[in-house]
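Below is data-v2.tsv, which holds TSV, C-alpha atoms.
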chain	number	residue	atom	x	y	z
A	1	MET	CA	-23.85	-44.33	-99.48
A	2	LYS	CA	-22.44	-43.32	-96.14
A	3	GLN	CA	-22.25	-46.32	-93.83
A	4	ALA	CA	-23.01	-44.47	-90.61
A	5	ARG	CA	-26.18	-42.99	-91.99
A	6	LEU	CA	-27.26	-46.29	-93.49
A	7	LEU	CA	-26.92	-48.07	-90.18
A	8	SER	CA	-28.99	-45.36	-88.55
A	9	CYS	CA	-31.58	-45.64	-91.30
A	10	ILE	CA	-31.87	-49.40	-90.88
A	11	ALA	CA	-32.45	-48.98	-87.16
A	12	VAL	CA	-35.45	-46.74	-87.68
A	13	LEU	CA	-37.03	-48.30	-90.76
A	14	ALA	CA	-39.67	-50.02	-88.70
A	15	LEU	CA	-40.83	-46.64	-87.42
A	16	LEU	CA	-40.86	-44.84	-90.73
A	17	ALA	CA	-43.70	-44.51	-93.20
A	18	GLY	CA	-42.47	-43.51	-96.67
A	19	CYS	CA	-43.91	-40.50	-98.38
A	20	SER	CA	-42.94	-37.92	-100.93
A	21	ARG	CA	-42.82	-34.16	-100.77
A	22	ILE	CA	-46.58	-33.82	-100.44
A	23	ILE	CA	-46.61	-34.85	-96.77
A	24	PRO	CA	-44.03	-32.52	-95.19
A	25	GLU	CA	-45.86	-29.45	-96.50
A	26	ASP	CA	-48.33	-29.71	-93.64
A	27	ALA	CA	-46.16	-31.47	-91.06
A	28	GLY	CA	-46.69	-28.92	-88.32
A	29	GLU	CA	-45.12	-25.52	-87.95
A	30	GLN	CA	-42.36	-24.82	-90.46
A	31	PRO	CA	-39.92	-21.97	-91.05
A	32	VAL	CA	-41.47	-19.30	-93.25
A	33	PRO	CA	-39.84	-16.37	-95.04
A	34	VAL	CA	-39.57	-13.36	-92.73
A	35	ALA	CA	-37.33	-11.39	-95.08
A	36	PRO	CA	-36.67	-11.53	-98.82
A	37	ASN	CA	-33.22	-13.07	-98.41
A	38	ALA	CA	-30.57	-14.09	-95.91
A	39	ALA	CA	-28.59	-10.87	-96.15
A	40	ILE	CA	-31.61	-8.83	-95.06
A	41	LEU	CA	-32.76	-11.37	-92.48
A	42	GLY	CA	-29.28	-11.33	-90.97
A	43	VAL	CA	-26.53	-13.84	-90.29
A	44	SER	CA	-24.29	-14.40	-87.30
A	45	ALA	CA	-21.13	-16.33	-86.60
A	46	GLY	CA	-21.66	-20.04	-86.17
A	47	PRO	CA	-19.66	-22.56	-84.14
A	48	SER	CA	-16.08	-23.16	-85.23
A	49	LEU	CA	-15.77	-25.67	-88.04
A	50	ALA	CA	-13.20	-27.63	-86.07
A	51	SER	CA	-15.80	-28.19	-83.35
A	52	LEU	CA	-18.45	-29.63	-85.68
A	53	PRO	CA	-18.65	-33.46	-85.63
A	54	ILE	CA	-17.91	-33.95	-89.34
A	55	ARG	CA	-16.76	-37.48	-90.11
A	56	ASP	CA	-13.94	-37.91	-92.59
A	57	VAL	CA	-16.02	-40.08	-94.91
A	58	ASP	CA	-18.85	-37.53	-94.93
A	59	ALA	CA	-16.39	-34.74	-95.70
A	60	SER	CA	-14.98	-36.75	-98.60
A	61	HIS	CA	-18.38	-37.30	-100.18
A	62	ALA	CA	-19.34	-33.67	-99.58
A	63	LEU	CA	-16.14	-32.53	-101.27
A	64	ASP	CA	-17.04	-34.56	-104.37
A	65	ALA	CA	-20.49	-32.95	-104.41
A	66	PHE	CA	-18.99	-29.50	-103.89
A	67	VAL	CA	-16.62	-29.94	-106.84
A	68	ALA	CA	-19.50	-31.09	-109.08
A	69	SER	CA	-21.43	-27.85	-108.51
A	70	CYS	CA	-18.56	-25.39	-108.02
A	71	HIS	CA	-19.08	-23.79	-111.43
A	72	VAL	CA	-22.59	-22.65	-110.49
A	73	PRO	CA	-21.80	-20.06	-107.77
A	74	GLN	CA	-18.88	-18.87	-109.90
A	75	GLN	CA	-21.24	-18.04	-112.76
A	76	ARG	CA	-24.57	-17.15	-111.15
A	77	GLU	CA	-25.67	-14.29	-108.93
A	78	ASP	CA	-26.28	-15.42	-105.36
A	79	LEU	CA	-29.91	-14.58	-104.53
A	80	SER	CA	-29.20	-14.88	-100.81
A	81	GLY	CA	-26.96	-11.80	-100.95
A	82	LEU	CA	-24.32	-13.55	-98.84
A	83	THR	CA	-21.66	-14.24	-101.45
A	84	GLN	CA	-20.21	-12.75	-104.59
A	85	VAL	CA	-19.02	-14.67	-107.63
A	86	GLN	CA	-15.34	-14.02	-106.94
A	87	ASP	CA	-15.64	-15.39	-103.39
A	88	TRP	CA	-15.86	-18.91	-104.74
A	89	SER	CA	-12.61	-18.86	-106.73
A	90	ALA	CA	-10.31	-19.81	-103.86
A	91	PRO	CA	-12.30	-22.77	-102.48
A	92	CYS	CA	-13.17	-24.05	-105.95
A	93	ASP	CA	-9.57	-23.89	-107.13
A	94	ALA	CA	-8.41	-25.67	-103.98
A	95	ALA	CA	-11.12	-28.34	-104.19
A	96	ALA	CA	-10.09	-29.46	-107.67
A	97	THR	CA	-6.87	-31.07	-106.44
A	98	TRP	CA	-7.52	-31.50	-102.72
A	99	PRO	CA	-6.80	-35.07	-101.49
A	100	ARG	CA	-10.05	-36.79	-100.59
A	101	ASN	CA	-8.50	-38.49	-97.57
A	102	ASP	CA	-7.98	-35.03	-96.05
A	103	ALA	CA	-11.34	-33.55	-97.01
A	104	ARG	CA	-12.30	-32.38	-93.53
A	105	ARG	CA	-9.33	-30.01	-93.48
A	106	PHE	CA	-10.46	-28.58	-96.82
A	107	PHE	CA	-13.70	-27.31	-95.30
A	108	VAL	CA	-11.95	-26.05	-92.16
A	109	GLU	CA	-9.44	-24.02	-94.16
A	110	ASN	CA	-11.75	-22.63	-96.85
A	111	PHE	CA	-15.06	-21.92	-95.13
A	112	THR	CA	-16.56	-20.04	-92.21
A	113	PRO	CA	-19.72	-21.35	-90.48
A	114	VAL	CA	-22.60	-18.87	-90.23
A	115	VAL	CA	-26.12	-19.05	-88.85
A	116	VAL	CA	-28.95	-17.61	-90.96
A	117	GLY	CA	-31.55	-15.96	-88.74
A	118	ASN	CA	-31.93	-18.07	-85.62
A	119	GLY	CA	-30.60	-21.18	-87.35
A	120	ARG	CA	-33.56	-23.32	-86.31
A	121	GLY	CA	-34.21	-25.58	-89.25
A	122	PHE	CA	-36.74	-28.05	-90.59
A	123	ALA	CA	-35.82	-30.91	-92.93
A	124	THR	CA	-37.86	-33.30	-95.03
A	125	GLY	CA	-36.65	-35.88	-97.54
A	126	TYR	CA	-37.11	-36.78	-101.17
A	127	PHE	CA	-36.06	-39.65	-103.39
A	128	GLU	CA	-36.01	-40.87	-106.99
A	129	PRO	CA	-39.04	-43.12	-107.57
A	130	GLN	CA	-38.67	-46.33	-109.55
A	131	ILE	CA	-41.93	-47.39	-111.18
A	132	ALA	CA	-42.97	-49.80	-113.89
A	133	GLY	CA	-42.75	-48.19	-117.32
A	134	VAL	CA	-41.56	-48.56	-120.90
A	135	ARG	CA	-40.45	-46.38	-123.81
A	136	THR	CA	-43.00	-47.71	-126.28
A	137	ARG	CA	-46.62	-48.37	-125.42
A	138	ARG	CA	-47.63	-51.98	-124.89
A	139	ALA	CA	-50.33	-53.89	-123.04
A	140	GLY	CA	-50.45	-52.92	-119.38
A	141	PHE	CA	-48.56	-49.66	-119.90
A	142	ASP	CA	-51.17	-47.07	-120.79
A	143	VAL	CA	-50.28	-43.99	-118.73
A	144	PRO	CA	-48.56	-41.44	-121.00
A	145	VAL	CA	-45.41	-39.65	-119.90
A	146	TYR	CA	-45.40	-36.41	-121.88
A	147	GLY	CA	-42.59	-34.19	-123.02
A	148	VAL	CA	-43.11	-30.42	-123.17
A	149	PRO	CA	-45.84	-29.49	-125.70
A	150	ASP	CA	-45.09	-26.79	-128.26
A	151	ASP	CA	-48.15	-24.71	-127.35
A	152	LEU	CA	-46.97	-24.20	-123.76
A	153	GLU	CA	-45.34	-20.81	-123.34
A	154	ARG	CA	-45.25	-17.75	-121.13
A	155	CYS	CA	-47.71	-15.20	-122.47
A	156	TRP	CA	-50.27	-12.76	-121.12
A	157	ARG	CA	-53.87	-13.91	-121.24
A	158	GLU	CA	-56.52	-11.56	-122.54
A	159	ASP	CA	-58.49	-11.76	-119.29
A	160	MET	CA	-55.55	-10.35	-117.31
A	161	PRO	CA	-55.70	-6.50	-117.01
A	162	GLU	CA	-52.67	-4.55	-118.17
A	163	SER	CA	-52.26	-3.19	-114.63
A	164	GLU	CA	-51.61	-6.73	-113.35
A	165	ARG	CA	-49.05	-7.67	-115.98
A	166	GLU	CA	-45.88	-7.44	-113.94
A	167	GLY	CA	-42.86	-9.70	-113.91
A	168	ARG	CA	-42.92	-12.86	-115.99
A	169	ALA	CA	-46.01	-13.82	-117.92
A	170	PRO	CA	-47.74	-17.00	-116.67
A	171	LEU	CA	-47.34	-20.36	-118.37
A	172	SER	CA	-50.25	-20.55	-120.79
A	173	ARG	CA	-51.53	-22.22	-123.94
A	174	ARG	CA	-50.99	-20.41	-127.23
A	175	LEU	CA	-53.95	-20.92	-129.54
A	176	PRO	CA	-53.59	-21.10	-133.34
A	177	ASP	CA	-55.13	-17.62	-133.63
A	178	GLY	CA	-52.41	-16.21	-131.37
A	179	ARG	CA	-54.47	-15.78	-128.21
A	180	CYS	CA	-53.25	-17.11	-124.86
A	181	VAL	CA	-55.48	-19.07	-122.50
A	182	GLU	CA	-55.04	-21.14	-119.35
A	183	TYR	CA	-53.26	-24.42	-120.01
A	184	TYR	CA	-54.98	-27.78	-119.66
A	185	THR	CA	-55.51	-29.05	-116.12
A	186	ARG	CA	-54.49	-32.46	-114.84
A	187	ALA	CA	-58.01	-33.79	-115.38
A	188	GLU	CA	-58.11	-32.51	-118.96
A	189	ILE	CA	-54.71	-34.01	-119.75
A	190	GLU	CA	-55.72	-37.35	-118.26
A	191	ASP	CA	-58.91	-37.18	-120.36
A	192	GLY	CA	-56.77	-37.00	-123.52
A	193	ALA	CA	-56.21	-33.30	-124.21
A	194	LEU	CA	-52.65	-34.04	-125.41
A	195	ALA	CA	-53.25	-37.45	-126.98
A	196	GLY	CA	-52.25	-38.03	-130.59
A	197	ARG	CA	-49.63	-35.27	-130.72
A	198	GLY	CA	-46.55	-37.48	-130.45
A	199	LEU	CA	-45.52	-36.02	-127.11
A	200	GLU	CA	-45.11	-39.35	-125.32
A	201	ILE	CA	-41.54	-40.12	-124.22
A	202	GLY	CA	-42.64	-43.19	-122.26
A	203	TRP	CA	-45.56	-45.04	-120.73
A	204	ALA	CA	-46.17	-45.97	-117.10
A	205	ALA	CA	-48.19	-48.88	-115.78
A	206	ASP	CA	-49.80	-47.31	-112.70
A	207	PRO	CA	-51.42	-43.85	-112.72
A	208	VAL	CA	-51.12	-43.57	-108.94
A	209	GLU	CA	-47.39	-44.31	-108.92
A	210	PHE	CA	-46.91	-41.87	-111.78
A	211	PHE	CA	-48.83	-39.19	-109.88
A	212	PHE	CA	-46.32	-39.45	-107.04
A	213	LEU	CA	-43.38	-39.53	-109.45
A	214	GLN	CA	-44.60	-36.21	-110.85
A	215	ILE	CA	-44.52	-34.74	-107.36
A	216	GLN	CA	-40.92	-35.83	-106.94
A	217	GLY	CA	-40.03	-34.28	-110.30
A	218	SER	CA	-37.84	-37.13	-111.57
A	219	GLY	CA	-37.67	-40.90	-111.51
A	220	GLN	CA	-37.01	-44.11	-113.34
A	221	LEU	CA	-39.29	-46.18	-115.55
A	222	ILE	CA	-38.33	-49.85	-115.23
A	223	SER	CA	-39.50	-52.24	-117.94
A	224	PRO	CA	-40.36	-55.91	-117.32
A	225	GLU	CA	-37.03	-56.75	-118.99
A	226	GLY	CA	-35.15	-54.51	-116.58
A	227	ASP	CA	-34.48	-51.63	-118.98
A	228	VAL	CA	-34.24	-48.28	-117.19
A	229	LEU	CA	-35.51	-45.00	-118.60
A	230	ARG	CA	-34.54	-42.09	-116.36
A	231	ILE	CA	-36.78	-39.06	-116.72
A	232	GLY	CA	-36.41	-35.58	-115.27
A	233	TYR	CA	-38.46	-32.43	-114.88
A	234	ALA	CA	-38.77	-30.42	-118.11
A	235	GLY	CA	-41.76	-28.15	-117.49
A	236	GLN	CA	-45.12	-27.68	-115.85
A	237	ASN	CA	-48.57	-26.70	-117.08
A	238	GLY	CA	-48.81	-23.44	-115.14
A	239	GLN	CA	-51.61	-24.68	-112.90
A	240	ALA	CA	-51.24	-24.30	-109.14
A	241	TYR	CA	-49.85	-27.23	-107.17
A	242	THR	CA	-52.13	-28.57	-104.44
A	243	GLY	CA	-50.84	-31.09	-101.93
A	244	ILE	CA	-53.44	-33.83	-101.61
A	245	GLY	CA	-52.02	-34.83	-98.23
A	246	GLY	CA	-53.10	-31.44	-96.93
A	247	LEU	CA	-56.57	-31.88	-98.41
A	248	MET	CA	-56.94	-35.27	-96.77
A	249	ARG	CA	-55.80	-33.88	-93.44
A	250	GLU	CA	-58.32	-31.03	-93.65
A	251	ARG	CA	-61.07	-33.53	-94.38
A	252	GLY	CA	-60.21	-35.75	-91.44
A	253	LEU	CA	-58.99	-38.64	-93.61
A	254	LEU	CA	-55.49	-38.81	-92.13
A	255	GLY	CA	-54.72	-39.79	-88.57
A	256	ASP	CA	-54.79	-42.67	-86.11
A	257	GLY	CA	-58.53	-42.86	-85.58
A	258	PRO	CA	-61.07	-45.35	-86.92
A	259	GLY	CA	-61.44	-45.12	-90.69
A	260	GLN	CA	-58.44	-42.81	-91.02
A	261	TYR	CA	-55.30	-43.44	-93.06
A	262	ALA	CA	-51.65	-43.05	-92.15
A	263	GLY	CA	-50.15	-39.64	-92.91
A	264	SER	CA	-47.66	-41.07	-95.39
A	265	MET	CA	-47.45	-41.81	-99.06
A	266	GLN	CA	-48.42	-45.39	-98.35
A	267	GLY	CA	-51.48	-44.24	-96.42
A	268	ILE	CA	-52.56	-41.87	-99.16
A	269	MET	CA	-52.02	-44.55	-101.80
A	270	GLN	CA	-54.08	-46.98	-99.74
A	271	TYR	CA	-56.96	-44.49	-99.61
A	272	ILE	CA	-56.80	-43.88	-103.36
A	273	ARG	CA	-56.74	-47.58	-104.20
A	274	GLU	CA	-59.52	-48.47	-101.76
A	275	ASN	CA	-61.66	-45.57	-103.01
A	276	PRO	CA	-60.83	-45.40	-106.74
A	277	GLU	CA	-63.47	-42.84	-107.75
A	278	ALA	CA	-62.89	-40.54	-104.79
A	279	GLY	CA	-59.14	-41.11	-105.15
A	280	ALA	CA	-59.13	-40.09	-108.81
A	281	ALA	CA	-61.14	-36.97	-107.95
A	282	LEU	CA	-58.67	-36.18	-105.16
A	283	MET	CA	-55.70	-36.39	-107.51
A	284	HIS	CA	-57.50	-34.14	-110.00
A	285	GLU	CA	-57.71	-31.45	-107.30
A	286	ASN	CA	-53.97	-31.08	-107.83
A	287	GLU	CA	-54.32	-29.47	-111.26
A	288	SER	CA	-50.56	-29.21	-111.75
A	289	TRP	CA	-49.04	-31.52	-114.36
A	290	VAL	CA	-45.32	-32.12	-114.86
A	291	PHE	CA	-43.71	-32.66	-118.26
A	292	PHE	CA	-40.52	-34.70	-118.52
A	293	ARG	CA	-37.44	-35.23	-120.63
A	294	VAL	CA	-35.20	-38.27	-120.96
A	295	LEU	CA	-32.05	-37.99	-118.84
A	296	ASP	CA	-28.66	-39.51	-119.52
A	297	GLY	CA	-26.13	-40.09	-116.79
A	298	ALA	CA	-25.90	-41.71	-113.41
A	299	GLY	CA	-28.28	-39.58	-111.38
A	300	PRO	CA	-31.25	-37.22	-111.51
A	301	LEU	CA	-30.48	-33.55	-112.08
A	302	GLY	CA	-31.09	-30.91	-109.46
A	303	SER	CA	-32.45	-27.48	-110.30
A	304	ILE	CA	-28.94	-26.16	-111.02
A	305	GLY	CA	-28.30	-28.82	-113.66
A	306	VAL	CA	-25.97	-30.91	-111.50
A	307	PRO	CA	-26.69	-34.59	-110.72
A	308	VAL	CA	-27.87	-34.93	-107.13
A	309	THR	CA	-26.35	-37.76	-105.12
A	310	ALA	CA	-27.80	-39.75	-102.26
A	311	GLU	CA	-27.06	-38.39	-98.78
A	312	ASN	CA	-24.90	-35.59	-100.20
A	313	SER	CA	-27.37	-33.25	-101.93
A	314	VAL	CA	-29.91	-31.05	-100.22
A	315	ALA	CA	-32.60	-28.81	-101.68
A	316	VAL	CA	-32.75	-25.28	-100.29
A	317	ASP	CA	-34.41	-21.95	-100.84
A	318	PRO	CA	-31.70	-20.08	-102.82
A	319	ASN	CA	-32.85	-16.82	-101.27
A	320	PHE	CA	-31.41	-18.06	-97.98
A	321	VAL	CA	-28.67	-20.54	-98.90
A	322	PRO	CA	-26.30	-20.02	-101.83
A	323	TYR	CA	-26.32	-22.77	-104.42
A	324	GLY	CA	-23.18	-24.87	-104.04
A	325	ALA	CA	-22.73	-24.01	-100.36
A	326	PRO	CA	-22.02	-26.78	-97.85
A	327	VAL	CA	-24.57	-27.04	-95.05
A	328	PHE	CA	-24.13	-28.76	-91.69
A	329	LEU	CA	-27.29	-30.12	-90.04
A	330	ASP	CA	-27.65	-31.24	-86.43
A	331	PHE	CA	-31.24	-32.44	-86.12
A	332	ASP	CA	-33.44	-34.61	-83.95
A	333	ARG	CA	-33.47	-37.13	-86.80
A	334	ASN	CA	-29.89	-38.37	-86.59
A	335	GLU	CA	-29.82	-39.80	-90.10
A	336	ALA	CA	-30.01	-36.22	-91.43
A	337	ASP	CA	-27.02	-35.06	-89.39
A	338	GLY	CA	-23.84	-34.16	-91.17
A	339	LEU	CA	-22.54	-32.26	-94.16
A	340	TRP	CA	-24.66	-31.66	-97.26
A	341	VAL	CA	-24.26	-29.50	-100.37
A	342	ALA	CA	-27.01	-27.19	-101.69
A	343	GLN	CA	-27.70	-28.47	-105.20
A	344	ASP	CA	-31.47	-28.33	-105.65
A	345	THR	CA	-34.67	-26.55	-104.71
A	346	GLY	CA	-38.39	-27.33	-104.71
A	347	GLY	CA	-41.78	-25.65	-104.70
A	348	ALA	CA	-42.34	-26.44	-101.01
A	349	ILE	CA	-38.81	-25.51	-99.95
A	350	LYS	CA	-39.32	-21.91	-98.88
A	351	GLY	CA	-37.76	-19.77	-96.20
A	352	ALA	CA	-34.69	-19.67	-94.01
A	353	ASN	CA	-33.30	-22.98	-92.75
A	354	ARG	CA	-35.74	-25.10	-94.75
A	355	PHE	CA	-34.11	-28.19	-96.26
A	356	ASP	CA	-35.08	-31.24	-98.29
A	357	THR	CA	-32.54	-34.06	-98.04
A	358	PHE	CA	-32.02	-36.38	-101.01
A	359	TRP	CA	-31.79	-40.12	-100.36
A	360	GLY	CA	-31.39	-41.70	-103.81
A	361	ALA	CA	-33.49	-44.45	-105.40
A	362	GLY	CA	-34.97	-47.74	-104.22
A	363	GLU	CA	-37.12	-48.92	-101.36
A	364	ARG	CA	-34.76	-47.83	-98.59
A	365	ALA	CA	-34.58	-44.32	-100.05
A	366	ARG	CA	-38.37	-44.25	-100.33
A	367	GLU	CA	-38.80	-45.23	-96.69
A	368	VAL	CA	-36.15	-42.96	-95.21
A	369	ALA	CA	-37.11	-39.93	-97.30
A	370	GLY	CA	-40.77	-40.44	-96.49
A	371	GLY	CA	-40.18	-40.60	-92.77
A	372	MET	CA	-37.90	-37.59	-92.70
A	373	SER	CA	-39.34	-34.74	-90.66
A	374	GLY	CA	-36.53	-33.35	-88.58
A	375	ARG	CA	-35.85	-30.20	-86.60
A	376	GLY	CA	-32.68	-28.76	-85.17
A	377	GLN	CA	-29.83	-26.38	-85.87
A	378	ALA	CA	-28.49	-25.55	-89.32
A	379	VAL	CA	-25.13	-24.00	-90.14
A	380	VAL	CA	-24.25	-22.67	-93.60
A	381	LEU	CA	-20.60	-22.73	-94.67
A	382	LEU	CA	-19.58	-19.60	-96.55
A	383	PRO	CA	-16.31	-19.00	-98.39
A	384	THR	CA	-13.89	-17.18	-96.09
A	385	ALA	CA	-13.93	-14.10	-98.35
A	386	SER	CA	-17.71	-13.84	-97.98
A	387	ALA	CA	-17.63	-14.15	-94.21
A	388	ARG	CA	-14.88	-11.56	-93.98
A	389	ARG	CA	-16.88	-9.06	-96.01
A	390	LEU	CA	-19.90	-9.72	-93.76
A	391	GLY	CA	-17.81	-8.99	-90.70
A	392	LEU	CA	-17.87	-12.58	-89.49
Hey, can you dump this file as structure tokens for me?
Amino acid sequence: MKQARLLSCIAVLALLAGCSRIIPEDAGEQPVPVAPNAAILGVSAGPSLASLPIRDVDASHALDAFVASCHVPQQREDLSGLTQVQDWSAPCDAAATWPRNDARRFFVENFTPVVVGNGRGFATGYFEPQIAGVRTRRAGFDVPVYGVPDDLERCWREDMPESEREGRAPLSRRLPDGRCVEYYTRAEIEDGALAGRGLEIGWAADPVEFFFLQIQGSGQLISPEGDVLRIGYAGQNGQAYTGIGGLMRERGLLGDGPGQYAGSMQGIMQYIRENPEAGAALMHENESWVFFRVLDGAGPLGSIGVPVTAENSVAVDPNFVPYGAPVFLDFDRNEADGLWVAQDTGGAIKGANRFDTFWGAGERAREVAGGMSGRGQAVVLLPTASARRLGL
């Protein structure tokens, strides 16, 4: 991990309260989509790359991350409308053999900084949870971690009029008689709707910890013997996601007043544990359930199928930032400053200049990611060919 950022993180740990993605969704005013993509919203020339305070070590790590995901923009249409597939050939070819001790010059010579919209950004953080869990059920590990069931598919439900059947069909449950109905909710799954079907890929010890791992979308199950089972997002039950942090805030449960809880993951967990019945009911209000698969390799996978790495990878809205593009952040939370690479997305990551910074696994990552709520200026680095075509 980058030493400068770590030192900054350590300095603020006492002020941070860890949380997952459920908290930043209602952390004040956030950028919202004002156009369908960046090309329509508009981009302007950013500051010169040479003027940006990019440290050599940060550039080196960012170059590694860029190389890891370079194949994606070369094979996939850019939803932002800012780049074309062929634009990435020159920087990707150069990156493959570029000396890492001269990485800053690589970005200066191959990219042009641009500002999407007004460039005012908002950043949160996410991490890879590590919770107690095992592959095979045993005493104390009774929370099932399910793989994708075979009756989950996209199909039109009979109660949906033909006039409303546009785009992709919703995720639904296919019945034996061929009909499609709404898939099981979180409460129904926890009550055993999927039990006995051999879908379990692991077992967790704590339903509350597992609830938050589902929100993150990936994590590690750590056995008492120290065995690690890394799991990653494989599917979802088609039910709407509801952030319970937002519900608690609406109900006056979060805040600094008497009887209120801290607006962090720790505060929400405290409420759930101190009020088990009300806490269970609160979690059931988020009817979304995430299915997992076992992951091999050194890190969790981002949405583009590339392992995300701590303090290098950032989640973006691909309608406003091309996947694989470097992004420079200069925010009021200094630990988020620097060069990142767009390698992931998330359900709450919507709109121009909206970012979710990845901090890795472990307690430090949990704390820093949870306390991340930063605002400032964002600059997207586009291949020179793209910027030239855009007149920049």
Legend entry - Proximity to Thr309 (chain A) - best of A:Arg375, A:Arg105, A:His61, A:Arg55, all atoms listed in the file: A:His61
Inset, instruction - Measuring atom to atom with only C-alpha atoms, identify which of A:Ile215, A:Leu79, A:Met269, A:Leu229 is nearest to Asp317 (chain A). - result: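 Using only C-alpha atoms, Asp317 (chain A) sits closest to A:Leu79.
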Legend entry - Which of A:His284, A:Arg388, A:Arg157, A:Arg168 sits closest to Phe211 (chain A) [using all atoms listed in the file]: A:His284
Inset, instruction - Pick out the closest residue to Ser218 (chain A) from this set: A:Phe355, A:Trp203, A:Tyr323, A:Phe292. Count all atoms listed in the file. - result: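 Closest residue, counting all atoms listed in the file: A:Phe292.
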Inset, instruction - Take CA of Val208 (chain A) and CA of Ile272 (chain A) and report the distance between them in Å, one decimal. - result: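 Interatomic distance, CA of Val208 (chain A) to CA of Ile272 (chain A): 8.0 Å.
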Legend entry - Nearest candidate to Arg120 (chain A) (options A:Pro176, A:Gly192, A:Gly351, A:Gly371; using all atoms listed in the file):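 Smallest distance to Arg120 (chain A) is found for A:Gly351.
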Inset, instruction - Rank A:Val327, A:Ala240, A:Val316, A:Val294 by their smallest atom-to-atom distance to Ala59 (chain A), using all atoms listed in the file, and report the top residue only. - result: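 The closest residue to Ala59 (chain A) is A:Val327.
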Inset, instruction - For CA of Val143 (chain A) and CA of Glu190 (chain A), quote the distance in Å rounded to one decimal. - result: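 Spanning CA of Val143 (chain A) to CA of Glu190 (chain A) is a straight-line distance of 8.6 Å.
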Inset, instruction - Rounded to one decimal place, report the CA of Phe212 (chain A)-CA of Pro129 (chain A) distance in Å. - result: 8.2 Å
Inset, instruction - Quick one: everything within 10 Å of Leu52 (chain A), counting only C-alpha atoms, minus sequence neighbours fewer than 3 positions away in the same chain. Send it as JSON, numbers by chain. - result: {"A": [47, 48, 49, 55, 108, 113, 328, 329, 330, 338, 339, 379]}
Inset, instruction - For a cut-off of 7 Å around (-15.3, -33.1, -93.2), file coordinates, pick out all residues using all atoms listed in the file and list them as a list in words. - result: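 Selection result: Ile54, Arg55, Asp56, Asp58, Ala59, Ser60, Ala103, Arg104, Arg105 and Phe107 of chain A.
For the point (-53.1, -34.4, -91.3), the residues with an atom at a distance of at most 8 Å are A:Asp26, A:Ala27, A:Gly245, A:Gly246, A:Met248, A:Arg249, A:Glu250, A:Gly252, A:Leu253, A:Leu254, A:Gly255, A:Gly263, counting only C-alpha atoms.
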